[in-house]
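Structure first, then comments.
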2 protein chains.
Amino acid sequence: MPVGRRPAHTGRRPGESGARGDILAAARTDFAENGYDRATIRGIAARADVDPALVHHYFETKEHLFEAAVELPVSPAEFLPPILAGERARIGEEVTRRFLTVWEEPHNRPIFLAMLRSVLSNEQAAEVVRRLLVKEIFGPIATALGVPDAELRATLAGSQFIGLALMRYVGRVEPLASADVSSLAAAVGPTIQRYLTGEIGARQGAVGA
Amino acid sequence: MPVGRRPAHTGRRPGESGARGDILAAARTDFAENGYDRATIRGIAARADVDPALVHHYFETKEHLFEAAVELPVSPAEFLPPILAGERARIGEEVTRRFLTVWEEPHNRPIFLAMLRSVLSNEQAAEVVRRLLVKEIFGPIATALGVPDAELRATLAGSQFIGLALMRYVGRVEPLASADVSSLAAAVGPTIQRYLTGEIGARQGAVGA
C-alpha cells in the first residue's frame, strides 16, 4: 500500500508515520465529517488508501479506532503535573489556557470535530469522550486537589470547555471567535476553578475552595 | 394536501396547527438529523407531506425556515421580565433553571438538536443561533443589568449552556445526565451570574457584580 506524503492539516500528528498514521488521520476526518454512526472501517480504509483488513489488524473495532483517533494531542500526564504543582488558585485559568492553546493549532481541530460529531450521533462515542474527560483530565485533577464529587466536577468543567470550543472553533460565533487566548482564559478560568475546587451545590453544603 | 394527526414528540409545539405547523415540525426533525447543509426544502416538504411550493410560500428561504424552526419554545419576552425583576444575585441561577426546564421537555429537544447539528455544519446557521443568543436572551439581560461587553458576556453564557445541554441531553454523559434540575441550577448558576454581572477579564479591570 502506498504511504505518500500528506498535506498539512489532515489530522495527522507529528510522530504518526506509516500506514497506522494514515489510518488515524483518515479516521479523524471521517468521524468529523460523518459522526461515529455513519463512519465505517471500509470508508476510513479507502480514505487512507489501505486494505480494511489492515485497519482491523491495528485497531480491531471501530470503537477502538475511535478511541485512538480522539486521543488527546498532548498527554495529560505531561501537561497536568506542572499545572498541579503551581498555585492552587490559578489552576482553572491554567487548564483553560492549556485547553485553548491545544485547539488553536489547526492540525488538532479534526480531533475535536471528530469527538463532537460523534458524541452527537452515538452513545458509545459519548462514553469514550466521558472516560477521556473524567479519567484522563479532570479526574486526576480532582484527585490531586482532594475534592469530592470528582465525576460531577469533571463533567461540569467538560461541559464548559466543549461549549466554548463549539462556539469558538466550529460555529465561529463572535466575539468569542476572535477573543485572544489570554482574555478567554481570564474570563473562563474562574468557572473551571470553581467547578474543580469550589462550592458546586448550595444544597449539598460548601466544598471549600 | 393531507394534514393528519401526528404522534407526540415530533417537534410540533402546542399552538402550531395545519400545514405550517407540519412544515416546522418536519424542518426541526430534518435539521436535527441532517444539519443545515444537508437539509433541503424539498426533503422537508416531503417529510411534512406538502408541496415544496407551500414551504416557499410560508418561509421563502431555507434560512428563514431554519430561523422559524429554532425559535425558542418559550419567548424571552415572557420569561425574562420576572427573572430580571427578582433579586440581582440570583439571576444566574434563575436563568439556568429556566433554560434546563425548557429542555427537560422531550418535545422541545428537536429544536435544540436542530440548532446544534446546524451550527456544526453551516456558518449561516451559526449566525442565526448567535443572533438568538445575543439579541433575544443575553443581550436584553446585559442591557437590563447595565453591564458593558454585552456580546462577549452573552456568548460566554451561551457557551456554558450549549455545552451543558450537549453533554446532558445529547451525549447523556453521567453524572450530568441524571443530576436534578435544582442541583444543576445551583452548580451552573454562579457561572452564568459571573458571566452576566461579574468580572470577566482580569486584564480589563473589574466590571462589578
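Starting from 1 in every chain, residues are counted up; chains themselves are A, B, ... following the order of the C-alpha cells, and ligands are numbered from 1 as listed.
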
Residues of chain A within 8 Å of chain B, only C-alpha atoms counted, as an MDAnalysis selection string: chainID A and resid 117 119:120 122:123 126:127 130 151:152 155:156 158:164 166:167 170:176 183:184 186:188 191 195 199:203

Quick one: write out the picked residues with N, CA and C atoms as a tab-separated table (two decimals), in the first residue's frame?
```tsv
chain	number	residue	atom	x	y	z
A	117	ARG	N	-18.88	15.58	16.63
A	117	ARG	CA	-19.89	14.99	15.73
A	117	ARG	C	-20.27	13.60	16.21
A	119	VAL	N	-20.14	12.40	19.40
A	119	VAL	CA	-20.97	12.48	20.60
A	119	VAL	C	-22.42	12.75	20.21
A	120	LEU	N	-22.59	13.56	19.15
A	120	LEU	CA	-23.94	13.89	18.69
A	120	LEU	C	-24.65	12.70	18.09
A	122	ASN	N	-23.79	9.14	18.63
A	122	ASN	CA	-23.65	7.78	19.14
A	122	ASN	C	-23.32	7.70	20.62
A	123	GLU	N	-23.98	6.78	21.31
A	123	GLU	CA	-23.78	6.62	22.75
A	123	GLU	C	-22.40	6.09	23.12
A	126	ALA	N	-20.02	8.86	22.94
A	126	ALA	CA	-20.20	9.76	24.09
A	126	ALA	C	-19.51	9.18	25.32
A	127	GLU	N	-19.59	7.85	25.46
A	127	GLU	CA	-18.96	7.19	26.60
A	127	GLU	C	-17.43	7.30	26.52
A	130	ARG	N	-16.59	10.76	27.56
A	130	ARG	CA	-16.77	10.89	29.01
A	130	ARG	C	-15.56	10.31	29.76
A	151	GLU	N	-16.47	13.21	39.63
A	151	GLU	CA	-17.05	12.98	38.30
A	151	GLU	C	-18.00	14.11	37.90
A	152	LEU	N	-18.78	14.60	38.87
A	152	LEU	CA	-19.67	15.71	38.54
A	152	LEU	C	-18.84	16.95	38.19
A	155	THR	N	-17.42	16.59	34.68
A	155	THR	CA	-18.34	16.78	33.57
A	155	THR	C	-18.83	18.23	33.49
A	156	LEU	N	-18.91	18.92	34.62
A	156	LEU	CA	-19.26	20.35	34.57
A	156	LEU	C	-18.17	21.12	33.84
A	158	GLY	N	-15.99	19.91	31.80
A	158	GLY	CA	-16.01	19.46	30.40
A	158	GLY	C	-17.11	20.15	29.60
A	159	SER	N	-18.27	20.36	30.24
A	159	SER	CA	-19.38	20.99	29.52
A	159	SER	C	-19.02	22.43	29.13
A	160	GLN	N	-18.29	23.14	30.00
A	160	GLN	CA	-17.89	24.50	29.66
A	160	GLN	C	-16.86	24.50	28.52
A	161	PHE	N	-15.91	23.57	28.59
A	161	PHE	CA	-14.88	23.51	27.55
A	161	PHE	C	-15.49	23.13	26.20
A	162	ILE	N	-16.39	22.14	26.21
A	162	ILE	CA	-16.98	21.69	24.94
A	162	ILE	C	-17.82	22.81	24.32
A	163	GLY	N	-18.61	23.50	25.14
A	163	GLY	CA	-19.42	24.60	24.61
A	163	GLY	C	-18.56	25.74	24.09
A	164	LEU	N	-17.48	26.02	24.80
A	164	LEU	CA	-16.57	27.10	24.39
A	164	LEU	C	-15.93	26.77	23.04
A	166	LEU	N	-16.97	24.62	20.85
A	166	LEU	CA	-18.00	24.55	19.82
A	166	LEU	C	-18.31	25.93	19.25
A	167	MET	N	-18.48	26.91	20.14
A	167	MET	CA	-18.83	28.25	19.66
A	167	MET	C	-17.64	28.99	19.06
A	170	VAL	N	-15.95	25.95	15.96
A	170	VAL	CA	-16.83	25.34	14.97
A	170	VAL	C	-17.83	26.37	14.46
A	171	GLY	N	-18.62	26.96	15.36
A	171	GLY	CA	-19.60	27.96	14.94
A	171	GLY	C	-18.95	29.30	14.61
A	172	ARG	N	-17.71	29.51	15.11
A	172	ARG	CA	-17.00	30.80	14.96
A	172	ARG	C	-17.92	31.97	15.33
A	173	VAL	N	-18.57	31.83	16.47
A	173	VAL	CA	-19.51	32.84	16.94
A	173	VAL	C	-18.73	34.00	17.57
A	174	GLU	N	-18.96	35.20	17.05
A	174	GLU	CA	-18.28	36.39	17.57
A	174	GLU	C	-19.04	36.98	18.76
A	175	PRO	N	-18.36	37.64	19.71
A	175	PRO	CA	-16.92	37.94	19.72
A	175	PRO	C	-16.04	36.83	20.31
A	176	LEU	N	-16.63	35.67	20.64
A	176	LEU	CA	-15.81	34.58	21.20
A	176	LEU	C	-14.73	34.12	20.24
A	183	SER	N	-7.34	36.58	27.24
A	183	SER	CA	-8.60	37.15	27.71
A	183	SER	C	-9.61	36.06	28.02
A	184	LEU	N	-9.67	35.06	27.13
A	184	LEU	CA	-10.62	33.97	27.36
A	184	LEU	C	-10.25	33.15	28.57
A	186	ALA	N	-8.77	34.23	31.15
A	186	ALA	CA	-9.15	35.04	32.32
A	186	ALA	C	-10.66	35.01	32.54
A	187	ALA	N	-11.42	34.99	31.44
A	187	ALA	CA	-12.89	35.01	31.56
A	187	ALA	C	-13.44	33.66	32.01
A	188	VAL	N	-12.89	32.58	31.46
A	188	VAL	CA	-13.45	31.24	31.71
A	188	VAL	C	-12.73	30.54	32.86
A	191	THR	N	-14.52	29.98	36.15
A	191	THR	CA	-15.58	28.96	36.05
A	191	THR	C	-14.99	27.58	36.32
A	195	TYR	N	-15.65	24.96	39.44
A	195	TYR	CA	-16.10	23.58	39.23
A	195	TYR	C	-15.12	22.58	39.84
A	199	GLU	N	-17.45	25.52	45.63
A	199	GLU	CA	-18.76	25.03	46.05
A	199	GLU	C	-19.59	24.83	44.78
A	200	ILE	N	-20.11	23.63	44.58
A	200	ILE	CA	-20.88	23.42	43.35
A	200	ILE	C	-22.33	23.04	43.62
A	201	GLY	N	-22.75	23.05	44.85
A	201	GLY	CA	-24.17	22.77	45.09
A	201	GLY	C	-24.58	23.36	46.42
A	202	ALA	N	-25.35	24.46	46.36
A	202	ALA	CA	-25.73	25.14	47.59
A	202	ALA	C	-26.40	24.17	48.55
A	203	ARG	N	-27.19	23.21	47.97
A	203	ARG	CA	-27.95	22.30	48.83
A	203	ARG	C	-27.08	21.20	49.45
```

Shell of 12 Å around B:Ala85, only C-alpha atoms, local chain residues under 4 positions omitted, as a ChimeraX atom specification: /B:79-81,89-91,94,141,144-145

Could you write those residues out with all heavy atoms, as a CSV table (one decimal), in the first residue's frame?
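Contents of the output file selection.csv:
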```
chain,number,residue,atom,x,y,z
B,79,PHE,N,-40.4,35.2,29.7
B,79,PHE,CA,-39.8,34.6,30.9
B,79,PHE,C,-38.7,35.5,31.5
B,79,PHE,O,-38.3,35.4,32.7
B,79,PHE,CB,-39.2,33.2,30.7
B,79,PHE,CG,-38.0,33.1,29.8
B,79,PHE,CD1,-36.7,33.4,30.3
B,79,PHE,CD2,-38.1,32.7,28.5
B,79,PHE,CE1,-35.6,33.2,29.5
B,79,PHE,CE2,-36.9,32.5,27.7
B,79,PHE,CZ,-35.7,32.8,28.2
B,80,LEU,N,-38.2,36.5,30.7
B,80,LEU,CA,-37.1,37.4,31.2
B,80,LEU,C,-37.6,38.4,32.3
B,80,LEU,O,-37.0,38.5,33.3
B,80,LEU,CB,-36.4,38.1,30.1
B,80,LEU,CG,-35.3,37.2,29.4
B,80,LEU,CD1,-34.5,38.0,28.4
B,80,LEU,CD2,-34.3,36.6,30.4
B,81,PRO,N,-38.7,39.1,32.0
B,81,PRO,CA,-39.1,40.2,33.0
B,81,PRO,C,-39.2,39.7,34.4
B,81,PRO,O,-38.6,40.4,35.3
B,81,PRO,CB,-40.4,40.7,32.4
B,81,PRO,CG,-40.3,40.5,30.9
B,81,PRO,CD,-39.6,39.2,30.8
B,89,ALA,N,-28.7,39.0,42.6
B,89,ALA,CA,-27.7,38.0,42.8
B,89,ALA,C,-28.2,36.6,42.4
B,89,ALA,O,-27.4,35.6,42.4
B,89,ALA,CB,-27.3,38.0,44.3
B,90,ARG,N,-29.5,36.4,42.1
B,90,ARG,CA,-30.0,35.1,41.8
B,90,ARG,C,-30.3,34.9,40.3
B,90,ARG,O,-30.9,33.9,39.9
B,90,ARG,CB,-31.3,34.8,42.6
B,90,ARG,CG,-31.0,34.6,44.1
B,90,ARG,CD,-32.2,34.2,44.9
B,90,ARG,NE,-32.9,33.1,44.3
B,90,ARG,CZ,-32.5,31.8,44.5
B,90,ARG,NH1,-31.4,31.6,45.3
B,90,ARG,NH2,-33.1,30.8,44.0
B,91,ILE,N,-30.0,36.0,39.5
B,91,ILE,CA,-30.4,35.9,38.1
B,91,ILE,C,-29.7,34.7,37.4
B,91,ILE,O,-30.4,34.0,36.6
B,91,ILE,CB,-30.0,37.3,37.4
B,91,ILE,CG1,-31.0,38.3,37.9
B,91,ILE,CG2,-30.0,37.1,35.9
B,91,ILE,CD1,-30.7,39.7,37.4
B,94,GLU,N,-31.5,31.5,38.3
B,94,GLU,CA,-32.9,31.5,37.7
B,94,GLU,C,-32.9,31.3,36.2
B,94,GLU,O,-33.7,30.6,35.7
B,94,GLU,CB,-33.7,32.8,38.1
B,94,GLU,CG,-34.0,32.9,39.6
B,94,GLU,CD,-34.7,31.6,40.1
B,94,GLU,OE1,-35.6,31.1,39.4
B,94,GLU,OE2,-34.3,31.1,41.2
B,141,ILE,N,-30.7,40.9,28.8
B,141,ILE,CA,-30.3,40.7,30.2
B,141,ILE,C,-29.2,41.7,30.5
B,141,ILE,O,-29.2,42.4,31.5
B,141,ILE,CB,-29.9,39.3,30.5
B,141,ILE,CG1,-31.0,38.3,30.4
B,141,ILE,CG2,-29.3,39.2,31.9
B,141,ILE,CD1,-30.7,36.8,30.6
B,144,ALA,N,-30.4,45.2,30.6
B,144,ALA,CA,-31.2,45.5,31.8
B,144,ALA,C,-30.3,45.6,33.1
B,144,ALA,O,-30.6,46.3,34.0
B,144,ALA,CB,-32.2,44.3,32.1
B,145,LEU,N,-29.2,44.8,33.1
B,145,LEU,CA,-28.3,44.9,34.2
B,145,LEU,C,-27.3,46.0,34.1
B,145,LEU,O,-26.6,46.3,35.1
B,145,LEU,CB,-27.5,43.5,34.3
B,145,LEU,CG,-28.4,42.3,34.6
B,145,LEU,CD1,-27.5,41.0,34.5
B,145,LEU,CD2,-29.0,42.4,36.0
```

A:Glu67 surroundings by only C-alpha atoms, 10 Å radius, close-in-sequence under 2 positions cut, as a list of chain:residue names: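 Skipping anything fewer than 2 positions along the chain leaves A:Phe59, A:Thr61, A:Lys62, A:Glu63, A:His64, A:Leu65, A:Ala69, A:Val70, A:Glu71, A:Leu72, A:Met115, A:Ala125, A:Val128, A:Val129, A:Leu132.
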
Per-residue DSSP, stretch 58-192 of chain A, filtered to helix (DSSP H, G or I), as a VMD selection string: chain A and resid 58 to 59 62 to 69 76 to 85 88 to 104 106 to 121 123 to 145 150 to 170 181 to 192

Coordinates-based distance that separates atom CA of A:Ala26 from atom CA of B:Arg38 (Å, one decimal):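 Rounded to one decimal, the two atoms are 21.8 Å apart.
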
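Among the candidate residues A:Thr197, A:Ser178, A:Arg20, A:Lys135, the one lying nearest to A:Pro148 is A:Thr197, with distances computed using only C-alpha atoms.
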
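Near A:Ile41, within 12 Å and counting only C-alpha atoms, sit Ile23, Leu24, Ala26, Ala27, Arg28, Asp30, Phe31, Tyr36, Ala46, Arg47, Ala48, Asp49, Val50, Asp51, Pro52, Ala53, Leu54, Val55, His56, His57, Tyr58, Phe59, Glu60, Thr61, Lys62, Glu63, His64, Leu65 and Phe66 of chain A, not including residues fewer than 5 positions from it in the same chain.
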
Please save N, CA and C atoms of the selected residues as a PDB file, in the first residue's frame.
```
ATOM      1  N   ILE A  23      -4.114   5.862   8.729  1.00  0.00           N
ATOM      2  CA  ILE A  23      -5.437   5.394   9.147  1.00  0.00           C
ATOM      3  C   ILE A  23      -6.030   6.328  10.208  1.00  0.00           C
ATOM      4  N   LEU A  24      -5.214   6.737  11.176  1.00  0.00           N
ATOM      5  CA  LEU A  24      -5.719   7.624  12.234  1.00  0.00           C
ATOM      6  C   LEU A  24      -6.152   8.970  11.665  1.00  0.00           C
ATOM      7  N   ALA A  26      -7.119   9.564   8.588  1.00  0.00           N
ATOM      8  CA  ALA A  26      -8.344   9.336   7.809  1.00  0.00           C
ATOM      9  C   ALA A  26      -9.545   9.152   8.737  1.00  0.00           C
ATOM     10  N   ALA A  27      -9.326   8.459   9.853  1.00  0.00           N
ATOM     11  CA  ALA A  27     -10.420   8.229  10.806  1.00  0.00           C
ATOM     12  C   ALA A  27     -10.905   9.554  11.387  1.00  0.00           C
ATOM     13  N   ARG A  28      -9.962  10.437  11.746  1.00  0.00           N
ATOM     14  CA  ARG A  28     -10.361  11.739  12.305  1.00  0.00           C
ATOM     15  C   ARG A  28     -11.223  12.509  11.322  1.00  0.00           C
ATOM     16  N   ASP A  30     -12.960  11.337   8.848  1.00  0.00           N
ATOM     17  CA  ASP A  30     -14.226  10.647   8.608  1.00  0.00           C
ATOM     18  C   ASP A  30     -15.192  10.820   9.783  1.00  0.00           C
ATOM     19  N   PHE A  31     -14.697  10.618  11.011  1.00  0.00           N
ATOM     20  CA  PHE A  31     -15.560  10.817  12.179  1.00  0.00           C
ATOM     21  C   PHE A  31     -16.023  12.277  12.254  1.00  0.00           C
ATOM     22  N   TYR A  36     -19.835   9.209  14.360  1.00  0.00           N
ATOM     23  CA  TYR A  36     -19.473   7.817  14.639  1.00  0.00           C
ATOM     24  C   TYR A  36     -20.363   6.834  13.880  1.00  0.00           C
ATOM     25  N   ALA A  46     -10.555   3.189   2.811  1.00  0.00           N
ATOM     26  CA  ALA A  46     -10.479   3.744   1.454  1.00  0.00           C
ATOM     27  C   ALA A  46      -9.834   5.128   1.477  1.00  0.00           C
ATOM     28  N   ARG A  47     -10.225   5.937   2.464  1.00  0.00           N
ATOM     29  CA  ARG A  47      -9.683   7.287   2.581  1.00  0.00           C
ATOM     30  C   ARG A  47      -8.179   7.253   2.866  1.00  0.00           C
ATOM     31  N   ALA A  48      -7.747   6.257   3.634  1.00  0.00           N
ATOM     32  CA  ALA A  48      -6.329   6.129   3.985  1.00  0.00           C
ATOM     33  C   ALA A  48      -5.564   5.367   2.910  1.00  0.00           C
ATOM     34  N   ASP A  49      -6.301   4.853   1.916  1.00  0.00           N
ATOM     35  CA  ASP A  49      -5.680   4.093   0.838  1.00  0.00           C
ATOM     36  C   ASP A  49      -4.993   2.817   1.356  1.00  0.00           C
ATOM     37  N   VAL A  50      -5.667   2.135   2.263  1.00  0.00           N
ATOM     38  CA  VAL A  50      -5.153   0.852   2.767  1.00  0.00           C
ATOM     39  C   VAL A  50      -6.280  -0.190   2.704  1.00  0.00           C
ATOM     40  N   ASP A  51      -5.922  -1.439   2.903  1.00  0.00           N
ATOM     41  CA  ASP A  51      -6.914  -2.515   2.926  1.00  0.00           C
ATOM     42  C   ASP A  51      -7.668  -2.493   4.272  1.00  0.00           C
ATOM     43  N   PRO A  52      -9.004  -2.685   4.272  1.00  0.00           N
ATOM     44  CA  PRO A  52      -9.753  -2.710   5.543  1.00  0.00           C
ATOM     45  C   PRO A  52      -9.162  -3.702   6.548  1.00  0.00           C
ATOM     46  N   ALA A  53      -8.581  -4.823   6.037  1.00  0.00           N
ATOM     47  CA  ALA A  53      -8.011  -5.820   6.957  1.00  0.00           C
ATOM     48  C   ALA A  53      -6.897  -5.204   7.805  1.00  0.00           C
ATOM     49  N   LEU A  54      -6.184  -4.235   7.232  1.00  0.00           N
ATOM     50  CA  LEU A  54      -5.094  -3.607   7.973  1.00  0.00           C
ATOM     51  C   LEU A  54      -5.651  -2.746   9.120  1.00  0.00           C
ATOM     52  N   VAL A  55      -6.794  -2.093   8.847  1.00  0.00           N
ATOM     53  CA  VAL A  55      -7.436  -1.301   9.909  1.00  0.00           C
ATOM     54  C   VAL A  55      -7.838  -2.222  11.062  1.00  0.00           C
ATOM     55  N   HIS A  56      -8.436  -3.378  10.726  1.00  0.00           N
ATOM     56  CA  HIS A  56      -8.800  -4.347  11.762  1.00  0.00           C
ATOM     57  C   HIS A  56      -7.556  -4.859  12.488  1.00  0.00           C
ATOM     58  N   HIS A  57      -6.480  -5.078  11.740  1.00  0.00           N
ATOM     59  CA  HIS A  57      -5.235  -5.558  12.351  1.00  0.00           C
ATOM     60  C   HIS A  57      -4.724  -4.577  13.413  1.00  0.00           C
ATOM     61  N   TYR A  58      -4.716  -3.291  13.074  1.00  0.00           N
ATOM     62  CA  TYR A  58      -4.190  -2.300  14.024  1.00  0.00           C
ATOM     63  C   TYR A  58      -5.163  -1.996  15.160  1.00  0.00           C
ATOM     64  N   PHE A  59      -6.467  -1.908  14.849  1.00  0.00           N
ATOM     65  CA  PHE A  59      -7.410  -1.331  15.823  1.00  0.00           C
ATOM     66  C   PHE A  59      -8.565  -2.257  16.226  1.00  0.00           C
ATOM     67  N   GLU A  60      -8.672  -3.397  15.561  1.00  0.00           N
ATOM     68  CA  GLU A  60      -9.710  -4.387  15.865  1.00  0.00           C
ATOM     69  C   GLU A  60     -11.135  -3.898  15.593  1.00  0.00           C
ATOM     70  N   THR A  61     -11.619  -2.908  16.358  1.00  0.00           N
ATOM     71  CA  THR A  61     -13.020  -2.482  16.204  1.00  0.00           C
ATOM     72  C   THR A  61     -13.111  -0.984  15.915  1.00  0.00           C
ATOM     73  N   LYS A  62     -14.280  -0.565  15.457  1.00  0.00           N
ATOM     74  CA  LYS A  62     -14.499   0.869  15.203  1.00  0.00           C
ATOM     75  C   LYS A  62     -14.362   1.655  16.508  1.00  0.00           C
ATOM     76  N   GLU A  63     -14.836   1.069  17.618  1.00  0.00           N
ATOM     77  CA  GLU A  63     -14.737   1.782  18.892  1.00  0.00           C
ATOM     78  C   GLU A  63     -13.264   2.019  19.275  1.00  0.00           C
ATOM     79  N   HIS A  64     -12.435   0.995  19.115  1.00  0.00           N
ATOM     80  CA  HIS A  64     -11.014   1.173  19.442  1.00  0.00           C
ATOM     81  C   HIS A  64     -10.346   2.179  18.505  1.00  0.00           C
ATOM     82  N   LEU A  65     -10.745   2.122  17.241  1.00  0.00           N
ATOM     83  CA  LEU A  65     -10.188   3.086  16.280  1.00  0.00           C
ATOM     84  C   LEU A  65     -10.591   4.506  16.682  1.00  0.00           C
ATOM     85  N   PHE A  66     -11.844   4.665  17.100  1.00  0.00           N
ATOM     86  CA  PHE A  66     -12.308   5.985  17.537  1.00  0.00           C
ATOM     87  C   PHE A  66     -11.508   6.465  18.756  1.00  0.00           C
TER      88      PHE A  66
END
```

Length of the atom CA of B:Glu104 to atom CA of B:Val181 vector [Å]: 8.7 Å

Gap from atom CA of B:Trp103 to atom CA of B:Arg88 - Å, one decimal: 24.0 Å
